[in-house]
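Input: a single structure, listed below in C-alpha cells.
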Amino acid sequence: MLLLSMLLVAASVPAEPSMAAAIAPPPPRWQVALAVVSGTPAVLPGLAVGGAGELSRRLGVGPWFVCGQLSLASASGANESWTIDHRQMALVVGLGAATDVGVGHLWAEAGGGLLGLEEILGRHQLERIQLDGIGGGTVTSYALGPLAFAEVGISLALRAALHARLSGGPVASRLDLADGPTWRLGAMTKLGIGYDF
Amino acid sequence: MTFKAGPSGAFRVLLPLVLALLGCDRVHDLSVPSVPIVTFHGHVDTTMLTRTAPDAPLIGALVWAAVAAVNPVCLPLPPPPELAGDCSDPYGVFIGEIEAGVPIDASGNFVVTLLTLPQVSLSVGDQSTRIAYGSLIVVEDIDGDGQPSFPPTTLGGAGDRLGAPTATTTSDRVVAASFWSLEAPQQRIVFREGGFVTPSSFYPACGWTSANDPNVPPPGFSVLTVPAYDISQPLPPPEGCTVQAPDVPVEVTPISVADGLGLICRPVQQADATFRRLRNDTVLAPSGVPPWCSADGTVMAERFEGGRLCPSLRSYTLHCAFDPGCATPGSEVIETPPPWWPCSP
C-alpha cells in the first residue's frame, strides 16, 4: 500500500520543465542509501529486522546501474532449552535499471552475494547460570552461504538530492545447519532514505 | 538489535564470515537439542529395598527440597498426641520440585541430567545469596508412566468449601533417597547461587560460621555429605561434612516404608499449613474422623485419615490474629463462632 501511494504521489507531480532540464547539470551518477530492513530470517521462523546500506552507480546515460549492499539483521527464537539469537549479514552486488516517474524514481534490481550468520545459543536463566560459573551458558556458531535477491522499489524526492525509498522483493539463501543444508525462500522490505551525489 | 561501531564492531561483523568460510561451524534452527547443565550419578543396592510393589519398575529421579511448613495445630513441637500421626515431620525433607525420572539399570545405577536450574522458589536466601538442596530418590513406578507420580497437593474444591483430600493410594512410592531427613545420614545435591549465608534455618547442615569455613559448598552444583545428627543438638562441625564435585557417585540409601510415605505426603500436608479462613457457610468434609478441638475450644482441626495414603489436617481458629479473614480485626477471639463450629470451651 505504501509502495502504491508513493508511486501515485511521484506520478502526480510533473517533473521540471524541459527547458530547465536542458541547462541543468548532468544527473548525479552515485547514490548512497540507508534503510531499515525486515524480512524472512535465514533459518528461524518469524521476522528478521535490521538495517542496510547501499551504494549504487549509474552506468552511462541509460537506465542501468550497479549496486552493492550490506545488510545486518537479527532474528530470535527459543525452544525448551535454548534461546536462539541469529545475527545475519548479507553482502551482495546487483544490477538494475531505473526510470523517472514524476518526482520519483522506479527501479528494479537483482543480484547475489554471501550471507553470513552468527548464532548465539543461550540457556534459559542465563544470568543465574553465568553468575555461578557454570560452563556452557552460551554457545556461538557461524555459517556462511550464498544469497540471491530481486528487488523493486520507488523513491520520492524530498528536497535537493535527498529522497525517501521503499523497496521489497524475494530473497533466497542456503546455509548449512547442524542436520544438513537448508534453503530458505523468503522476502524482505526496506524503508529508508537515499542521497544522490 | 545493536551492532557496535568502531573496530570491535567491524571485527564482530567480519569474524562470522571468516570462520564460516573456514567451514568450521554449523548453526541450528528451533530443533537444536538440549544439553545437560549437570549430570548426577546415583546408585542403589536394589537387594536392600523395602518394596511395596515388587513388580513395579524402579526409576531414579532428583527432587528439590522446599521450605518446610507444618500445620499450625502441630506447633509447638511435639504436636498434641491425638494429632501426632497427622502432622508432618518438620525435620523431614519437603519435596518441592520433581525432575524427570530415569530408568535404573540392573546394577542399580542411574544417571540424572538437569536441563534447567531449580525453581527460584526453592533456592532460598537473600537477594544475592541463595542455596537449593536436592535429593536423589528411587521410586517404585506403580502407575507405570515412567515418571515419579505423587499425590497432588491441591485438594480439590474452591475457596474454603473444599472437599476431603482425594484418596491417592495409586501414588508411586519412594523406596530410597540420598536425603530424606535432617536426622539421617545425608548426601545432598546442592545448588548455590552467589555468596553463602550462615547460619541458615533452611535445612541446616554443618556448623558453618562463614563462607571461608571448610567444606562450604562452592557456587554452582556440588554434592554435600552430612552425618546424621540430632536437630536439638549443635550442628556437626564443618570438618564433619564433605563437599564433592557433582559427578561423584551418590549412594542412594534404602529407606523404610514410613520414611518413603513421609517424603511424598509432606507436600500434601504442607498445602494446608495455615489456618483456613472462618466463614459461616463453610462445610466440614465428611472425613469419618471426629474433629480435633483444643482445650479452650478456640482451635479445631479436621482430620483426613482412614483409607487415604497421606493423612492430613485442615485447621481453623477463633483467634482473630491468625484468621486472614477475621471480621472483627483487633479483637482477640471471635466472640460468635460460625454455626458449624464443633468445639466448645
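Labels used: A, B, ... for chains in the order of the C-alpha cells, numbers from 1 for residues in each chain, and numbers from 1 for ligands as shown.
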Within 12 Å of range 112-122 of chain A: each range 60-80 of chain A residue with its shortest pair, only C-alpha atoms, as a tab-separated table:
residue	atom	partner	partner_atom	distance
A:Cys67	CA	A:Gly112	CA	10.8
A:Gly68	CA	A:Gly113	CA	9.5
A:Gln69	CA	A:Gly113	CA	9.3
A:Leu70	CA	A:Gly113	CA	9.9
A:Ser71	CA	A:Leu115	CA	9.5
A:Leu72	CA	A:Gly116	CA	9.5
A:Ala73	CA	A:Leu117	CA	9.5
A:Ser74	CA	A:Leu117	CA	9.3
A:Ala75	CA	A:Glu119	CA	9.7
A:Ser76	CA	A:Ile120	CA	9.6
A:Gly77	CA	A:Leu121	CA	9.8
A:Ala78	CA	A:Leu121	CA	9.0
A:Asn79	CA	A:Leu121	CA	10.5
A:Glu80	CA	A:Gly122	CA	11.3
Given the selection you just returned, output its residues as a file containing C-alpha atoms, formatted as a PDB file, in the first residue's frame.
ATOM      1  CA  CYS A  67      24.906  -1.538  -6.700  1.00  0.00           C
ATOM      2  CA  GLY A  68      26.446  -3.047  -3.615  1.00  0.00           C
ATOM      3  CA  GLN A  69      24.535  -3.681  -0.417  1.00  0.00           C
ATOM      4  CA  LEU A  70      25.441  -4.571   3.117  1.00  0.00           C
ATOM      5  CA  SER A  71      22.621  -5.513   5.450  1.00  0.00           C
ATOM      6  CA  LEU A  72      22.636  -6.594   9.068  1.00  0.00           C
ATOM      7  CA  ALA A  73      19.621  -8.140  10.717  1.00  0.00           C
ATOM      8  CA  SER A  74      18.757 -10.219  13.722  1.00  0.00           C
ATOM      9  CA  ALA A  75      16.160 -12.841  14.465  1.00  0.00           C
ATOM     10  CA  SER A  76      15.393 -14.751  17.636  1.00  0.00           C
ATOM     11  CA  GLY A  77      13.644 -17.914  18.668  1.00  0.00           C
ATOM     12  CA  ALA A  78      13.599 -20.346  21.555  1.00  0.00           C
ATOM     13  CA  ASN A  79      12.895 -23.940  22.441  1.00  0.00           C
ATOM     14  CA  GLU A  80      12.606 -25.544  25.863  1.00  0.00           C
TER      15      GLU A  80
END
Hey, what's within 9 Å of Ser167 in chain A if we count only C-alpha atoms and toss same-chain stuff fewer than 4 positions away? As a list of chain:residue names, please?
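Using only C-alpha atoms, the neighbours found are A:Leu3, A:Trp107, A:Ala108, A:Glu151, A:Val152, A:Gly153, A:Ile154, A:Ser155, A:Met188, A:Thr189, A:Lys190, A:Leu191, A:Gly192.
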Can you tell me, as an MDAnalysis selection string, what residues are no more than 8 Å from range 144-149 of chain A when counting only C-alpha atoms, ignoring any on the same chain fewer than 2 positions away?
(chainID A and resid 90 92 110:117 142 151 169:176) or (chainID B and resid 16:17 20:21 23)
Can you list, as a list in words, every protein, DNA or RNA residue that comes within 6 Å of range 224-227 of chain B when you count only C-alpha atoms, leaving out same-chain residues fewer than 2 positions away?
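Counting only the stated atoms, we get Pro185, Gln186, Gln187, Arg188, Cys241, Thr242 and Val243 of chain B.
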Counting only C-alpha atoms, what is within 7 Å of Phe197 in chain A, bar same-chain residues fewer than 3 positions away, as an MDAnalysis selection string?
chainID A and resid 28:31
Limited to C-alpha atoms, could you put the picked residues into a file as an mmCIF file, in the first residue's frame?
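The resulting file, part26.cif, is shown below:
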data_model
loop_
_atom_site.group_PDB
_atom_site.id
_atom_site.type_symbol
_atom_site.label_atom_id
_atom_site.label_comp_id
_atom_site.auth_asym_id
_atom_site.auth_seq_id
_atom_site.Cartn_x
_atom_site.Cartn_y
_atom_site.Cartn_z
ATOM 1 C CA PRO A 28 24.429 12.520 -10.365
ATOM 2 C CA ARG A 29 25.983 9.155 -11.003
ATOM 3 C CA TRP A 30 26.231 7.934 -7.422
ATOM 4 C CA GLN A 31 23.639 7.254 -4.824
#
Could you give me the residues within range 102-294 of chain B that DSSP places in strand (DSSP E or B), as a VMD selection string?
chain B and resid 102 to 103 109 to 114 124 to 125 129 to 140 158 161 173 to 177 181 186 to 194 220 to 226 242 to 244 249 to 254 292 to 293
Option closest in space to chain A, from B:Gly96, B:Pro33, B:Gly125, B:Pro339 [counting only C-alpha atoms]
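Among the listed residues, the smallest separation from chain A belongs to B:Pro33.
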